[in-house]
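Notes for the one structure printed next.
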Amino acid sequence: MADVLIADDSEFMRNLLREILEENHEIVGEVENGVEAVEVFKEQEPDLVMMDIVMPIRDGIEATDEIKTENPGAHVIMCTSVGQEEKMKEAVKAGADGYITKPFQKPSVMEAIQDVVPS
Amino acid sequence: MKVDVQSLGTFNQLAHEGAQEATGSLAQMTGMDAEVDVTKISLVDRQDVGEELGSDAFVGVQFGFEGALAGETVLAFDEASRDTITEALVPGGAADEAMAQSSVEEIGNIMMSGFIDGWADYLGATIDHSPPQYIEREGADILPASVAGERDQIFVFRSQVEWVEETIRFYIYMLPEYDSLTGLLGEHADAESDAIPIEKLETFNRMTRSGTQKAADNLGMMAGLDVSAEVTQISFAPIEDVPKQIGNETYVGTVVEFTGLPSGYLLVLFDEQSAINVAEALMPVDPQEEGLTEQHEAAIEELGNIMTSGFVDGWANVLQQSVDHTPPKLVHDMGQAIIDPLAAQLGQHQRHAFIIDSKMQTDGLAFESEIHALPNEAELREALQELQVDRADQTEADVEQIF
């Protein structure tokens, strides 16, 4: 069971992710933007961050970059509607460990998590 | 063959002035005050031409024309309008079928001569038209069969006319032969300035259909529905006419501003009932309250986000660039009130706009959705210049290859 932080500006999507994840993982926080994601990451030090890209104040790629700079061992999976190759490359450069595009099905989320933080 | 923005603007203006001339003739003959609501030139899939006519019954007058420009025009009224016009011309005439037909045929003849003459004058050449043919058909069948030519995409000029204080609305379509129009556009294009190869415009239109289908697939996957892209077209109109492209019913949806090449705005809109239906299809449990609740709005906001990405990601991948967009802003208002401020923003830098319109629907649910994109005109031209036609099908990125 991994401690997971969900960062997504959509309440609808946070609820959906929580429902998918809470059966096997501990949700340690839910935040709405990249600034909050970095703050809560520093406080909670979760095993995994499920990170949206398009968020207000600070986007998910910038937040991932800051988290990875702070803690290179952190695990971040981008969980986004953006399916652009250039954006995926930016995510890799920021240190993202995985990339899931919305809309997603539960198995693809679980598989991505298993790849990044094996149980 | 290339087309430049100035020529598109000139040709659109010619069609608009032709429609005004035609409408003026009609107003003079009937005493009813009418005005041309909007005129636009669209590059549209052949199968989608006349989609806005739905399955309503129409009467119309059709002409062929040839000369400096060749093609066909149609003036289409709904059936009730025909009777109103006939009564205005010949009191009591609507009860006489032959009189009604003859009235419409003659009024069509006079109107459409006015429509065509402006083109001939501008081109300094002759355009002849055939005698008017009276027709009664449903929906897009009112348009000439030659629309079903060999090309997948065709140019259509469409004017929508409304009578002041009357419930009459009619359409004027001009369907030029592809080679005839593109030849003229090519002759008038300023190759040194901003001319776009027509082939690239067509490719971009195909990419738009692909983006619409991706957005429809995303929606379908979330809601468990089989959603299909119904209409996609790229139109060109004066910036002040852009708000009229969207109906004045109340919509719920999202607006995002996208940045990159091109920048602009993208709207994902649902009519109110469609918004409620599709949001409930996404919710794990039925909402406690009736109508559009905060839960519905949250679902629509995320849906707009995902559909927006589905729509623009293909452009980004083909152009090998990133197109960023802001988080979706929920909108709930009349169509024109939603799009007015966006058009005003773009209007600070451009006189005309390309408008990209898509519609989608599903058989499994009472639902329709529209996507409207308003790119910065100069940046869209730049993007089209950079577009590599042979990459047009590479709209999908391979996550596995990158991670």
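Scheme for the structure tokens: letters A, B, ... for chains in order shown; per-chain residue numbers from 1; ligand numbers from 1 in order shown.
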
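Every chain B residue lying within 6 Å of chain A, based on only C-alpha atoms, is listed here: B:Ala298, B:Ala299, B:Ile306, B:Ser309, B:Asp313, B:Asn317, B:Ser322, B:Pro327, B:Ala397.
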
Please list as an mmCIF file with C-alpha atoms, in the first residue's frame every residue within 12 Å of A:Val40, counting only C-alpha atoms and excluding residues in the same chain fewer than 2 positions away.
```
data_model
loop_
_atom_site.group_PDB
_atom_site.id
_atom_site.type_symbol
_atom_site.label_atom_id
_atom_site.label_comp_id
_atom_site.auth_asym_id
_atom_site.auth_seq_id
_atom_site.Cartn_x
_atom_site.Cartn_y
_atom_site.Cartn_z
ATOM 1 C CA VAL A 4 -0.555 8.837 -2.540
ATOM 2 C CA LEU A 5 -0.998 12.574 -3.037
ATOM 3 C CA ILE A 6 -3.553 13.581 -5.691
ATOM 4 C CA ALA A 7 -2.964 16.909 -7.438
ATOM 5 C CA VAL A 28 -2.612 11.353 2.146
ATOM 6 C CA GLY A 29 -3.738 14.548 0.482
ATOM 7 C CA GLU A 30 -5.704 16.150 -2.330
ATOM 8 C CA VAL A 31 -4.629 19.497 -3.775
ATOM 9 C CA GLU A 32 -5.831 21.777 -6.572
ATOM 10 C CA ASN A 33 -2.663 23.322 -8.010
ATOM 11 C CA GLY A 34 1.083 22.899 -8.378
ATOM 12 C CA VAL A 35 2.015 25.177 -5.483
ATOM 13 C CA GLU A 36 -0.121 23.195 -3.048
ATOM 14 C CA ALA A 37 1.253 19.954 -4.510
ATOM 15 C CA VAL A 38 4.825 20.966 -3.664
ATOM 16 C CA LYS A 42 7.179 18.426 1.536
ATOM 17 C CA GLU A 43 4.886 17.956 4.542
ATOM 18 C CA GLN A 44 3.664 14.420 3.844
ATOM 19 C CA GLU A 45 6.480 12.904 1.776
ATOM 20 C CA PRO A 46 4.101 10.509 0.007
ATOM 21 C CA LEU A 48 3.625 8.733 -5.059
ATOM 22 C CA VAL A 49 2.116 11.895 -6.534
ATOM 23 C CA ALA A 63 5.567 21.240 -9.714
ATOM 24 C CA ILE A 67 9.486 18.025 -6.255
#
```

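Across the model, the gap from atom CA of B:Val3 to atom CA of B:Gly211 is 23.9 Å.
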
- Within 10 Å of stretch 122-126 of chain B using only C-alpha atoms, minus same-chain residues under 3 positions, as an MDAnalysis selection string: chainID B and resid 10:11 14 66:69 116:119 129 184

Take the residues from that selection and write them out as a tab-separated table (two decimals), in the first residue's frame, keeping C-alpha atoms.
```tsv
chain	number	residue	atom	x	y	z
B	10	THR	CA	-12.88	40.10	-50.51
B	11	PHE	CA	-14.79	37.06	-51.73
B	14	LEU	CA	-18.79	39.92	-52.31
B	66	GLU	CA	-21.25	29.78	-65.44
B	67	GLY	CA	-18.66	32.15	-66.82
B	68	ALA	CA	-15.97	33.84	-64.76
B	69	LEU	CA	-17.24	31.76	-61.86
B	116	ILE	CA	-24.55	37.04	-58.89
B	117	ASP	CA	-24.20	40.45	-60.53
B	118	GLY	CA	-21.82	41.79	-57.87
B	119	TRP	CA	-19.41	38.94	-58.55
B	129	HIS	CA	-27.27	31.90	-64.85
B	184	LEU	CA	-10.03	32.62	-58.96
```

- Between atom CA of B:Glu370 and atom CA of B:Asp217 - distance in Å to one decimal: 14.1 Å

- Message: Run DSSP on the backbone and tell me which residues of stretch 3-119 of chain A come out as strand (DSSP E or B); list them as a ChimeraX atom specification.
- Response: /A:3-7,26-31,48-51,76-80,98-101

- Query: Looking at B:Asn376, B:Gln273, B:Ser113, B:Gln348, which one is nearest to B:Phe65, with distances taken over only C-alpha atoms?
  - Reply: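 Looking only at the distances to B:Phe65, the closest residue turns out to be B:Ser113.
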
- Apply DSSP to the backbone of this structure and, from stretch 220-283 of chain B, keep only the residues in alpha helix (DSSP H); write these as a VMD selection string. chain B and resid 220 to 223 272 to 282

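Those residues that approach A:Asn24 to within 10 Å, counting only C-alpha atoms, are Met1, Ala2, Asp3, Ile20, Leu21, Glu22, Glu26, Ile27, Met110 and Ser119 of chain A; same-chain residues fewer than 2 positions away are not listed.
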
- Which residues, written as a list of chain:residue names, have at least one atom at most 7 Å from B:Phe63, with only C-alpha atoms counted and residues fewer than 6 positions away on the same chain left out?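 Residues near the query, excluding close chain neighbours: B:Glu72, B:Thr73, B:Val74, B:His129, B:Ser130, B:Pro131, B:Pro132, B:Gln133.
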
- Message: Env of stretch 241-251 of chain B: 7 Å cut, atoms = only C-alpha atoms, seq-sep filter 6 positions within chain, self excluded. Answer as a ChimeraX atom specification.
- Response: /B:38,269-272,332-336,339-340,343

Put those residues in a file: C-alpha atoms, as a CSV table (one decimal), in the first residue's frame.
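Result file is part.csv:
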```
chain,number,residue,atom,x,y,z
B,38,VAL,CA,-24.1,36.5,-41.4
B,269,LEU,CA,-20.6,23.7,-25.4
B,270,PHE,CA,-23.6,21.7,-24.5
B,271,ASP,CA,-27.2,22.8,-24.5
B,272,GLU,CA,-28.6,22.7,-20.9
B,332,HIS,CA,-23.3,29.1,-18.5
B,333,ASP,CA,-24.9,31.8,-20.6
B,334,MET,CA,-26.5,32.6,-24.0
B,335,GLY,CA,-24.2,31.6,-26.9
B,336,GLN,CA,-23.4,35.0,-28.1
B,339,ILE,CA,-18.3,34.2,-27.5
B,340,ASP,CA,-18.6,38.0,-27.6
B,343,ALA,CA,-14.2,37.7,-30.5
```

- One-decimal distance in Å that lies between atom CA of B:Arg351 and atom CA of B:Asp121: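 If I compute the distance from atom CA of B:Asp121 to atom CA of B:Arg351, I get 24.3 Å.
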
- Message: Would you pick out the contacts of A:Glu70 at 10 Å or less, using only C-alpha atoms, so that residues sharing its chain but fewer than 4 positions from it are not included, and give the list as a PyMOL selection string?
- Response: chain A and resi 38+41-42+64-66+74

Using the selection just defined, write its residues with C-alpha atoms as a CSV table (one decimal), in the first residue's frame.
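Wrote it out as out-v2.csv, contents follow:
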```csv
chain,number,residue,atom,x,y,z
A,38,VAL,CA,4.8,21.0,-3.7
A,41,PHE,CA,4.6,16.8,-0.8
A,42,LYS,CA,7.2,18.4,1.5
A,64,THR,CA,7.1,17.9,-10.7
A,65,ASP,CA,10.4,19.6,-11.5
A,66,GLU,CA,10.4,21.2,-8.1
A,74,ALA,CA,10.2,11.0,-5.3
```
